[in-house]
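Raw target.pdb, PDB, C-alpha atoms:
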ATOM      1  CA  MET H 165     -78.444 -70.609-205.601
ATOM      2  CA  ASP H 166     -80.792 -70.898-202.598
ATOM      3  CA  ALA H 167     -84.522 -70.180-202.463
ATOM      4  CA  GLY H 168     -83.945 -66.615-201.272
ATOM      5  CA  ASP H 169     -81.703 -65.839-204.223
ATOM      6  CA  LEU H 170     -84.243 -67.340-206.633
ATOM      7  CA  LEU H 171     -87.003 -65.176-205.143
ATOM      8  CA  ARG H 172     -84.822 -62.090-205.369
ATOM      9  CA  ASN H 173     -84.047 -62.688-209.043
ATOM     10  CA  ALA H 174     -87.717 -63.328-209.824
ATOM     11  CA  LEU H 175     -88.790 -60.078-208.152
ATOM     12  CA  LEU H 176     -86.136 -58.088-209.987
ATOM     13  CA  GLN H 177     -87.515 -59.478-213.236
ATOM     14  CA  LEU H 178     -91.057 -58.553-212.178
ATOM     15  CA  SER H 179     -89.914 -54.987-211.515
ATOM     16  CA  LYS H 180     -89.574 -54.640-215.303
ATOM     17  CA  SER H 181     -92.894 -56.318-216.197
ATOM     18  CA  ASP H 182     -95.505 -53.873-217.439
ATOM     19  CA  GLY H 183     -98.232 -56.542-217.219
ATOM     20  CA  VAL H 184     -97.625 -57.327-213.554
ATOM     21  CA  ARG H 185     -97.277 -53.635-212.834
ATOM     22  CA  ARG H 186    -100.727 -52.891-214.291
ATOM     23  CA  THR H 187    -102.262 -55.746-212.293
ATOM     24  CA  ILE H 188    -100.839 -54.544-208.985
ATOM     25  CA  GLU H 189    -101.502 -50.859-209.642
ATOM     26  CA  THR H 190    -105.171 -51.487-210.437
ATOM     27  CA  ALA H 191    -105.828 -53.923-207.569
ATOM     28  CA  PRO H 192    -108.194 -52.138-205.140
ATOM     29  CA  VAL H 193    -106.114 -53.087-202.103
ATOM     30  CA  SER H 194    -102.639 -52.364-203.462
ATOM     31  CA  ARG H 195    -102.454 -48.677-202.611
ATOM     32  CA  GLN H 196    -103.469 -49.335-199.006
ATOM     33  CA  VAL H 197    -100.598 -51.777-198.609
ATOM     34  CA  VAL H 198     -98.102 -49.675-200.548
ATOM     35  CA  ARG H 199     -98.643 -46.776-198.131
ATOM     36  CA  ARG H 200     -96.734 -48.822-195.562
ATOM     37  CA  PHE H 201     -93.630 -48.246-197.702
ATOM     38  CA  VAL H 202     -94.523 -45.054-199.642
ATOM     39  CA  PRO H 203     -96.324 -42.371-197.601
ATOM     40  CA  GLY H 204     -97.970 -40.759-200.620
ATOM     41  CA  SER H 205     -97.582 -39.122-204.007
ATOM     42  CA  THR H 206     -97.329 -35.431-203.087
ATOM     43  CA  THR H 207     -94.781 -33.091-201.554
ATOM     44  CA  GLU H 208     -97.175 -32.571-198.665
ATOM     45  CA  ASP H 209     -97.150 -36.323-197.978
ATOM     46  CA  ALA H 210     -93.339 -36.382-197.865
ATOM     47  CA  VAL H 211     -93.129 -33.329-195.594
ATOM     48  CA  ALA H 212     -95.765 -34.774-193.246
ATOM     49  CA  ALA H 213     -93.849 -38.057-192.999
ATOM     50  CA  THR H 214     -90.651 -36.141-192.217
ATOM     51  CA  ALA H 215     -92.403 -34.160-189.486
ATOM     52  CA  GLU H 216     -93.714 -37.383-187.974
ATOM     53  CA  LEU H 217     -90.208 -38.842-187.885
ATOM     54  CA  ARG H 218     -88.861 -35.751-186.145
ATOM     55  CA  MET H 219     -91.238 -36.366-183.248
ATOM     56  CA  THR H 220     -89.237 -39.528-182.451
ATOM     57  CA  ASN H 221     -85.791 -37.977-183.114
ATOM     58  CA  ARG H 222     -85.401 -39.662-186.493
ATOM     59  CA  LEU H 223     -83.856 -37.946-189.504
ATOM     60  CA  ALA H 224     -85.025 -38.289-193.112
ATOM     61  CA  THR H 225     -83.705 -38.529-196.647
ATOM     62  CA  ILE H 226     -86.392 -38.089-199.290
ATOM     63  CA  ASP H 227     -86.534 -39.586-202.780
ATOM     64  CA  TYR H 228     -88.921 -38.358-205.469
ATOM     65  CA  LEU H 229     -89.558 -41.651-207.231
ATOM     66  CA  GLY H 230     -88.635 -42.134-210.864
ATOM     67  CA  GLU H 231     -85.633 -43.218-212.932
ATOM     68  CA  ASP H 232     -84.427 -43.954-216.461
ATOM     69  CA  THR H 233     -86.004 -40.745-217.770
ATOM     70  CA  THR H 234     -85.697 -40.370-221.541
ATOM     71  CA  ASP H 235     -87.885 -37.286-221.803
ATOM     72  CA  LEU H 236     -86.445 -33.837-221.098
ATOM     73  CA  THR H 237     -89.789 -32.508-219.888
ATOM     74  CA  GLN H 238     -89.973 -35.258-217.265
ATOM     75  CA  ALA H 239     -86.375 -34.593-216.168
ATOM     76  CA  ILE H 240     -87.231 -30.919-215.667
ATOM     77  CA  ARG H 241     -90.388 -31.898-213.801
ATOM     78  CA  THR H 242     -88.301 -34.070-211.457
ATOM     79  CA  ARG H 243     -85.846 -31.229-210.822
ATOM     80  CA  ASP H 244     -88.723 -28.876-210.077
ATOM     81  CA  ALA H 245     -90.269 -31.416-207.689
ATOM     82  CA  TYR H 246     -87.062 -31.444-205.649
ATOM     83  CA  LEU H 247     -86.811 -27.648-205.648
ATOM     84  CA  HIS H 248     -90.391 -27.421-204.382
ATOM     85  CA  LEU H 249     -89.737 -30.119-201.779
ATOM     86  CA  LEU H 250     -86.686 -28.278-200.414
ATOM     87  CA  ARG H 251     -88.614 -25.013-200.180
ATOM     88  CA  GLU H 252     -91.389 -26.754-198.253
ATOM     89  CA  LEU H 253     -88.947 -28.500-195.916
ATOM     90  CA  LYS H 254     -87.344 -25.138-195.156
ATOM     91  CA  ARG H 255     -90.733 -23.495-194.629
ATOM     92  CA  ALA H 256     -91.711 -26.258-192.188
ATOM     93  CA  ASP H 257     -88.376 -25.941-190.341
ATOM     94  CA  LEU H 258     -87.488 -29.529-191.249
ATOM     95  CA  SER H 259     -84.261 -28.984-193.188
ATOM     96  CA  GLN H 260     -81.811 -27.283-190.866
ATOM     97  CA  MET H 261     -78.682 -29.260-189.902
ATOM     98  CA  GLY H 262     -79.550 -31.960-192.403
ATOM     99  CA  MET H 263     -82.658 -33.122-190.514
ATOM    100  CA  GLY H 264     -84.508 -33.652-193.799
ATOM    101  CA  GLU H 265     -82.229 -34.100-196.810
ATOM    102  CA  VAL H 266     -82.892 -35.411-200.319
ATOM    103  CA  SER H 267     -81.670 -38.381-202.363
ATOM    104  CA  LEU H 268     -81.286 -38.042-206.137
ATOM    105  CA  LYS H 269     -81.108 -40.504-209.014
ATOM    106  CA  LEU H 270     -79.211 -38.957-211.904
ATOM    107  CA  SER H 271     -81.164 -41.055-214.406
ATOM    108  CA  ALA H 272     -84.333 -39.334-213.173
ATOM    109  CA  LEU H 273     -82.701 -35.966-213.882
ATOM    110  CA  GLY H 274     -81.890 -36.756-217.509
ATOM    111  CA  GLN H 275     -78.655 -38.758-217.460
ATOM    112  CA  ALA H 276     -79.960 -41.159-220.142
ATOM    113  CA  LEU H 277     -81.081 -38.416-222.539
ATOM    114  CA  PRO H 278     -79.344 -38.632-225.918
ATOM    115  CA  GLY H 279     -76.470 -36.265-226.523
ATOM    116  CA  ASP H 280     -75.956 -34.065-223.476
ATOM    117  CA  GLY H 281     -77.784 -36.251-220.951
ATOM    118  CA  ALA H 282     -74.928 -36.398-218.444
ATOM    119  CA  LYS H 283     -74.449 -32.619-218.634
ATOM    120  CA  ILE H 284     -78.174 -31.956-218.229
ATOM    121  CA  ALA H 285     -78.457 -34.276-215.208
ATOM    122  CA  LEU H 286     -75.402 -32.681-213.588
ATOM    123  CA  GLU H 287     -76.827 -29.197-214.053
ATOM    124  CA  HIS H 288     -80.164 -30.269-212.591
ATOM    125  CA  ALA H 289     -78.351 -31.852-209.627
ATOM    126  CA  ARG H 290     -76.347 -28.670-209.157
ATOM    127  CA  GLU H 291     -79.538 -26.591-208.987
ATOM    128  CA  ILE H 292     -80.931 -28.987-206.372
ATOM    129  CA  CYS H 293     -77.703 -28.749-204.365
ATOM    130  CA  GLU H 294     -77.951 -24.947-204.418
ATOM    131  CA  ALA H 295     -81.515 -25.179-203.093
ATOM    132  CA  ALA H 296     -80.384 -27.659-200.426
ATOM    133  CA  ALA H 297     -77.612 -25.299-199.326
ATOM    134  CA  ASP H 298     -80.151 -22.487-199.056
ATOM    135  CA  ALA H 299     -82.372 -24.743-196.932
ATOM    136  CA  GLY H 300     -79.467 -25.713-194.679
ATOM    137  CA  THR H 301     -79.457 -29.377-195.622
ATOM    138  CA  THR H 302     -77.649 -31.915-197.805
ATOM    139  CA  VAL H 303     -78.030 -34.128-200.886
ATOM    140  CA  THR H 304     -77.067 -37.756-201.495
ATOM    141  CA  LEU H 305     -76.584 -39.184-205.003
ATOM    142  CA  ASP H 306     -78.283 -42.561-205.213
ATOM    143  CA  MET H 307     -76.425 -45.313-207.047
ATOM    144  CA  GLU H 308     -78.192 -47.259-209.797
ATOM    145  CA  ASP H 309     -77.165 -50.230-211.943
ATOM    146  CA  HIS H 310     -73.458 -50.879-212.556
ATOM    147  CA  THR H 311     -73.436 -49.292-216.019
ATOM    148  CA  THR H 312     -73.890 -45.862-214.403
ATOM    149  CA  THR H 313     -71.442 -46.234-211.496
ATOM    150  CA  ASP H 314     -68.493 -44.431-213.078
ATOM    151  CA  ALA H 315     -70.712 -41.624-214.399
ATOM    152  CA  THR H 316     -72.324 -41.161-210.982
ATOM    153  CA  LEU H 317     -68.955 -41.029-209.208
ATOM    154  CA  GLU H 318     -67.725 -38.494-211.771
ATOM    155  CA  ALA H 319     -70.818 -36.347-211.115
ATOM    156  CA  LEU H 320     -70.104 -36.687-207.392
ATOM    157  CA  ARG H 321     -66.573 -35.342-207.879
ATOM    158  CA  GLU H 322     -67.912 -32.416-209.902
ATOM    159  CA  LEU H 323     -70.578 -31.506-207.352
ATOM    160  CA  ARG H 324     -68.245 -31.834-204.387
ATOM    161  CA  GLN H 325     -66.058 -29.056-205.760
ATOM    162  CA  ASP H 326     -68.792 -26.600-204.766
ATOM    163  CA  PHE H 327     -70.806 -28.735-202.337
ATOM    164  CA  PRO H 328     -68.349 -30.946-200.391
ATOM    165  CA  TRP H 329     -71.182 -32.380-198.303
ATOM    166  CA  VAL H 330     -72.843 -34.235-201.221
ATOM    167  CA  GLY H 331     -73.196 -37.868-200.200
ATOM    168  CA  ALA H 332     -72.300 -40.963-202.191
ATOM    169  CA  VAL H 333     -73.893 -44.417-202.225
ATOM    170  CA  ILE H 334     -71.874 -47.633-202.511
ATOM    171  CA  GLN H 335     -73.513 -51.013-203.136
ATOM    172  CA  SER H 336     -71.679 -53.873-201.462
ATOM    173  CA  TYR H 337     -72.751 -56.483-204.003
ATOM    174  CA  LEU H 338     -70.579 -54.893-206.702
ATOM    175  CA  ARG H 339     -67.118 -56.458-206.816
ATOM    176  CA  ARG H 340     -65.513 -53.032-207.181
ATOM    177  CA  SER H 341     -67.100 -51.548-204.062
ATOM    178  CA  GLU H 342     -64.365 -52.192-201.498
ATOM    179  CA  ALA H 343     -61.918 -50.217-203.661
ATOM    180  CA  ASP H 344     -64.511 -47.447-204.125
ATOM    181  CA  CYS H 345     -64.941 -47.260-200.348
ATOM    182  CA  ARG H 346     -61.205 -46.795-199.912
ATOM    183  CA  ASP H 347     -61.294 -43.910-202.385
ATOM    184  CA  LEU H 348     -64.222 -42.277-200.582
ATOM    185  CA  ALA H 349     -63.252 -42.817-196.914
ATOM    186  CA  HIS H 350     -61.681 -39.384-196.513
ATOM    187  CA  GLU H 351     -62.509 -36.462-194.263
ATOM    188  CA  GLY H 352     -65.864 -34.852-194.967
ATOM    189  CA  SER H 353     -67.024 -37.643-197.285
ATOM    190  CA  ARG H 354     -70.534 -38.892-196.581
ATOM    191  CA  VAL H 355     -70.985 -42.482-197.825
ATOM    192  CA  ARG H 356     -74.160 -44.561-197.621
ATOM    193  CA  LEU H 357     -73.388 -48.286-197.731
ATOM    194  CA  CYS H 358     -76.214 -50.547-198.902
ATOM    195  CA  LYS H 359     -76.348 -54.052-200.341
ATOM    196  CA  GLY H 360     -77.723 -53.186-203.789
ATOM    197  CA  ALA H 361     -81.011 -54.030-205.480
ATOM    198  CA  TYR H 362     -80.510 -54.230-209.239
ATOM    199  CA  LYS H 363     -80.162 -57.367-211.327
ATOM    200  CA  GLU H 364     -76.468 -57.478-212.250
ATOM    201  CA  PRO H 365     -74.294 -59.984-214.135
ATOM    202  CA  GLU H 366     -72.113 -62.220-211.990
ATOM    203  CA  SER H 367     -69.026 -60.770-213.645
ATOM    204  CA  VAL H 368     -69.544 -57.472-211.807
ATOM    205  CA  ALA H 369     -71.586 -58.432-208.741
ATOM    206  CA  PHE H 370     -71.781 -61.069-206.037
ATOM    207  CA  HIS H 371     -75.021 -63.040-206.245
ATOM    208  CA  SER H 372     -75.351 -65.142-203.106
ATOM    209  CA  SER H 373     -76.630 -63.548-199.910
ATOM    210  CA  GLU H 374     -73.585 -64.778-197.998
ATOM    211  CA  GLU H 375     -71.149 -63.176-200.458
ATOM    212  CA  VAL H 376     -73.065 -59.884-200.447
ATOM    213  CA  ASP H 377     -73.103 -59.783-196.629
ATOM    214  CA  THR H 378     -69.396 -60.586-196.420
ATOM    215  CA  ALA H 379     -68.648 -57.845-198.932
ATOM    216  CA  TYR H 380     -70.803 -55.461-196.892
ATOM    217  CA  VAL H 381     -68.686 -56.112-193.802
ATOM    218  CA  ARG H 382     -65.451 -55.584-195.748
ATOM    219  CA  CYS H 383     -66.728 -52.233-197.015
ATOM    220  CA  LEU H 384     -67.995 -51.298-193.563
ATOM    221  CA  LYS H 385     -64.567 -51.942-192.050
ATOM    222  CA  VAL H 386     -62.983 -49.583-194.569
ATOM    223  CA  LEU H 387     -65.512 -46.824-193.938
ATOM    224  CA  MET H 388     -65.473 -47.064-190.146
ATOM    225  CA  ALA H 389     -61.660 -47.027-190.096
ATOM    226  CA  GLY H 390     -61.543 -44.024-192.438
ATOM    227  CA  ASP H 391     -62.017 -40.310-191.823
ATOM    228  CA  GLY H 392     -65.350 -39.933-193.576
ATOM    229  CA  TYR H 393     -68.952 -40.132-192.406
ATOM    230  CA  PRO H 394     -70.383 -43.673-192.868
ATOM    231  CA  MET H 395     -74.120 -44.108-193.337
ATOM    232  CA  VAL H 396     -75.017 -47.717-192.506
ATOM    233  CA  ALA H 397     -78.045 -48.582-194.637
ATOM    234  CA  SER H 398     -79.270 -51.988-193.492
ATOM    235  CA  HIS H 399     -82.124 -53.718-191.654
ATOM    236  CA  ASP H 400     -80.075 -56.835-190.912
ATOM    237  CA  PRO H 401     -79.646 -57.171-187.112
ATOM    238  CA  ARG H 402     -76.308 -58.945-187.517
ATOM    239  CA  LEU H 403     -74.864 -56.258-189.778
ATOM    240  CA  LEU H 404     -76.155 -53.514-187.485
ATOM    241  CA  GLU H 405     -74.442 -55.202-184.541
ATOM    242  CA  ILE H 406     -71.190 -55.409-186.505
ATOM    243  CA  ALA H 407     -71.488 -51.735-187.436
ATOM    244  CA  GLY H 408     -71.881 -50.772-183.780
ATOM    245  CA  ALA H 409     -68.905 -52.884-182.765
ATOM    246  CA  LEU H 410     -66.719 -51.334-185.474
ATOM    247  CA  ALA H 411     -67.787 -47.816-184.455
ATOM    248  CA  ALA H 412     -66.858 -48.603-180.842
ATOM    249  CA  HIS H 413     -63.543 -50.165-181.890
ATOM    250  CA  HIS H 414     -62.597 -47.008-183.776
ATOM    251  CA  ARG H 415     -63.877 -44.805-180.925
ATOM    252  CA  ARG H 416     -66.346 -43.029-183.159
ATOM    253  CA  ASP H 417     -68.585 -40.399-181.647
ATOM    254  CA  PRO H 418     -72.298 -41.038-182.472
ATOM    255  CA  GLN H 419     -72.300 -37.772-184.446
ATOM    256  CA  THR H 420     -69.676 -39.102-186.884
ATOM    257  CA  TYR H 421     -71.831 -41.822-188.465
ATOM    258  CA  GLU H 422     -75.469 -42.821-188.790
ATOM    259  CA  TYR H 423     -77.821 -45.715-189.414
ATOM    260  CA  GLN H 424     -80.354 -45.678-192.237
ATOM    261  CA  MET H 425     -83.482 -47.744-192.834
ATOM    262  CA  LEU H 426     -86.362 -47.618-195.280
ATOM    263  CA  TYR H 427     -89.686 -46.014-194.469
ATOM    264  CA  GLY H 428     -92.052 -48.654-193.115
ATOM    265  CA  ILE H 429     -89.367 -51.277-192.379
ATOM    266  CA  ARG H 430     -88.652 -52.127-188.718
ATOM    267  CA  PRO H 431     -90.023 -48.794-187.386
ATOM    268  CA  GLU H 432     -89.748 -49.905-183.750
ATOM    269  CA  GLU H 433     -86.074 -50.749-184.247
ATOM    270  CA  GLN H 434     -85.597 -47.351-185.864
ATOM    271  CA  LYS H 435     -87.022 -45.695-182.748
ATOM    272  CA  ARG H 436     -84.886 -47.867-180.461
ATOM    273  CA  ILE H 437     -81.705 -46.826-182.269
ATOM    274  CA  ALA H 438     -82.683 -43.153-182.061
ATOM    275  CA  ASP H 439     -83.647 -43.479-178.386
ATOM    276  CA  ARG H 440     -80.232 -44.857-177.426
ATOM    277  CA  GLY H 441     -78.578 -41.731-178.812
ATOM    278  CA  ASP H 442     -77.451 -42.892-182.247
ATOM    279  CA  GLN H 443     -78.417 -41.081-185.432
ATOM    280  CA  MET H 444     -81.180 -42.846-187.333
ATOM    281  CA  ARG H 445     -82.180 -41.630-190.791
ATOM    282  CA  VAL H 446     -85.224 -42.967-192.667
ATOM    283  CA  TYR H 447     -85.370 -43.153-196.473
ATOM    284  CA  ILE H 448     -88.736 -41.726-197.539
ATOM    285  CA  PRO H 449     -89.851 -42.346-201.139
ATOM    286  CA  TYR H 450     -92.833 -40.490-202.563
ATOM    287  CA  GLY H 451     -94.548 -39.999-205.911
ATOM    288  CA  GLU H 452     -96.514 -42.010-208.442
ATOM    289  CA  GLU H 453     -93.591 -44.136-209.706
ATOM    290  CA  TRP H 454     -93.653 -46.537-206.778
ATOM    291  CA  TYR H 455     -93.861 -49.904-208.552
ATOM    292  CA  GLY H 456     -90.185 -50.454-209.427
ATOM    293  CA  TYR H 457     -89.156 -49.190-205.994
ATOM    294  CA  LEU H 458     -91.516 -51.574-204.226
ATOM    295  CA  MET H 459     -90.326 -54.602-206.214
ATOM    296  CA  ARG H 460     -86.664 -53.874-205.455
ATOM    297  CA  ARG H 461     -87.432 -53.489-201.757
ATOM    298  CA  MET H 462     -89.134 -56.878-201.732
ATOM    299  CA  ALA H 463     -86.177 -58.367-203.596
ATOM    300  CA  GLU H 464     -83.800 -57.035-200.942
ATOM    301  CA  ARG H 465     -85.631 -58.704-198.077
ATOM    302  CA  PRO H 466     -88.038 -61.680-198.353
ATOM    303  CA  ALA H 467     -89.844 -60.515-195.205
ATOM    304  CA  ASN H 468     -90.987 -57.465-197.173
ATOM    305  CA  THR H 469     -92.571 -59.769-199.743
ATOM    306  CA  MET H 470     -94.447 -61.702-197.073
ATOM    307  CA  PHE H 471     -95.735 -58.472-195.540
ATOM    308  CA  PHE H 472     -97.050 -57.293-198.895
ATOM    309  CA  LEU H 473     -98.731 -60.622-199.682
ATOM    310  CA  ARG H 474    -100.291 -60.812-196.198
ATOM    311  CA  GLY H 475    -101.575 -57.275-196.669
ATOM    312  CA  LEU H 476    -103.195 -58.153-199.965
ATOM    313  CA  ALA H 477    -104.768 -61.312-198.480
ATOM    314  CA  SER H 478    -106.099 -59.527-195.407
ATOM    315  CA  ARG H 479    -107.785 -56.853-197.538
ATOM    316  CA  GLY H 480    -108.988 -59.104-200.327
TER     317      GLY H 480
END
Could you express the structure from this file as structure tokens?
Amino acid sequence: MDAGDLLRNALLQLSKSDGVRRTIETAPVSRQVVRRFVPGSTTEDAVAATAELRMTNRLATIDYLGEDTTDLTQAIRTRDAYLHLLRELKRADLSQMGMGEVSLKLSALGQALPGDGAKIALEHAREICEAAADAGTTVTLDMEDHTTTDATLEALRELRQDFPWVGAVIQSYLRRSEADCRDLAHEGSRVRLCKGAYKEPESVAFHSSEEVDTAYVRCLKVLMAGDGYPMVASHDPRLLEIAGALAAHHRRDPQTYEYQMLYGIRPEEQKRIADRGDQMRVYIPYGEEWYGYLMRRMAERPANTMFFLRGLASRG
């Protein structure tokens, strides 16, 4: 295991530390730095960030932060936040043709509730999909740790019966992902391919950066050769170059796939991709539950960690 892998594992552990969380959340400079990655806590903040992206021909997918909900009231609150967000996107003319879509975590909608958790989360997701359809946009189901993969894919199949445009997320570090890509690479299927950012056992996931990248390319080959709509979620210049080469090899029109990057990461590269005529979608997180999200983003890319630490030092 190299130094990068050690750092990644350490950050994933910190994402679960309440003590470290309290320290960072109460540091006077933290919020100023976090705003680089999370534009704010309110619906208005998310809509404003989406409008700003539109000015440079970038698309958006918006995530109301939170996961692992074990309280029904909170699950309902999360559903209502998405319904309000979709209404505001429609009102601001930011939702038509999928310009501003939403990303959902089923665990935030009640999947982990005892008893009927899976049913409750599915019903909440269905209500959000209905609101998205009314707004003229789409929904993508975020993938979480490997213990929820089968349940999330089952929810995807259920939702696609009425909303065939619901997107899936596949994480290349899971050993099963190439097979999942083959199952999902059919006409009309929107699939976001990312590396993955949860701490997983080696029995189900690749651990080294080299293995994860190689698996990413294998999955990307399947998706680009298929009949679906690949969404290439990466900031890695080498993987982006490979994605472009595969799209050209399979004679894909720029409207049949897209690139995705996180809010605040490589914004100039995002603009360059959009300016050359490719579709560039930015993942916008918002809300108060930003700590776990931030730690996983730093675990994905050491450069993110250095930016955060430099920001703290420069404002301390």
Practice problem: Can you pull out every residue within 8 Å of range 266-280 of chain H, counting all atoms listed in the file, but drop anything in the same chain fewer than 3 positions away, and send it as an MDAnalysis selection string? | Solution: chainID H and resid 225:228 230:236 239:240 242:243 246 283:286 288:289 302:308 316
Quiz item: Where does the PyMOL selection byres ((chain H and resi 366) around 12) land in this file, that is, which residues does it pick, as number ranges by chain?
Solution: H: 310, 337-339, 362-365, 367-372, 375-376
Self-check item: Residue with smallest distance to Glu265 in chain H - pool H:Arg445, H:Arg218, H:Arg354, H:Arg440, counting all atoms listed in the file
Solution: H:Arg445
Practice problem: Would you translate the PyMOL selection byres ((chain H and resi 357) around 10) into the concrete set of residues it matches in this file, as a PyMOL selection string? | Solution: chain H and resi 332-336+341+345+354-356+358-360+380-381+383-384+387+394-398+423-424
Quiz item: Which of these residues is nearest to Leu317 in chain H, using only C-alpha atoms: H:Val330, H:Ala409, H:Ile448, H:Ala212?
Solution: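 Once distances to Leu317 in chain H are computed over only C-alpha atoms, the minimum belongs to H:Val330.
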The centre and edge lengths of an axis-aligned box containing all atoms of range 439-450 of chain H present in the file, extended by 6 Å on each side, are to be given in Å to one decimal, as lines of an AutoDock Vina configuration file.
center_x = -85.1
center_y = -42.7
center_z = -190.0
size_x = 27.4
size_y = 16.4
size_z = 37.1
Practice problem: Point out the residue among H:Gly262, H:Gly352, H:Gly408, H:Pro449 with the least atom-to-atom distance to Gly392 in chain H, counting all atoms listed in the file. | Solution: H:Gly352
Quiz item: CA of Glu453 in chain H to CA of Gly204 in chain H: how many Å, to one decimal?
Solution: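 Between these atoms lies a distance of 10.6 Å.
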Quiz item: Between CA of Thr206 in chain H and CA of Ile437 in chain H, what is the distance, to one decimal in Å?
Solution: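 CA of Ile437 in chain H lies at a distance of 28.4 Å from CA of Thr206 in chain H.
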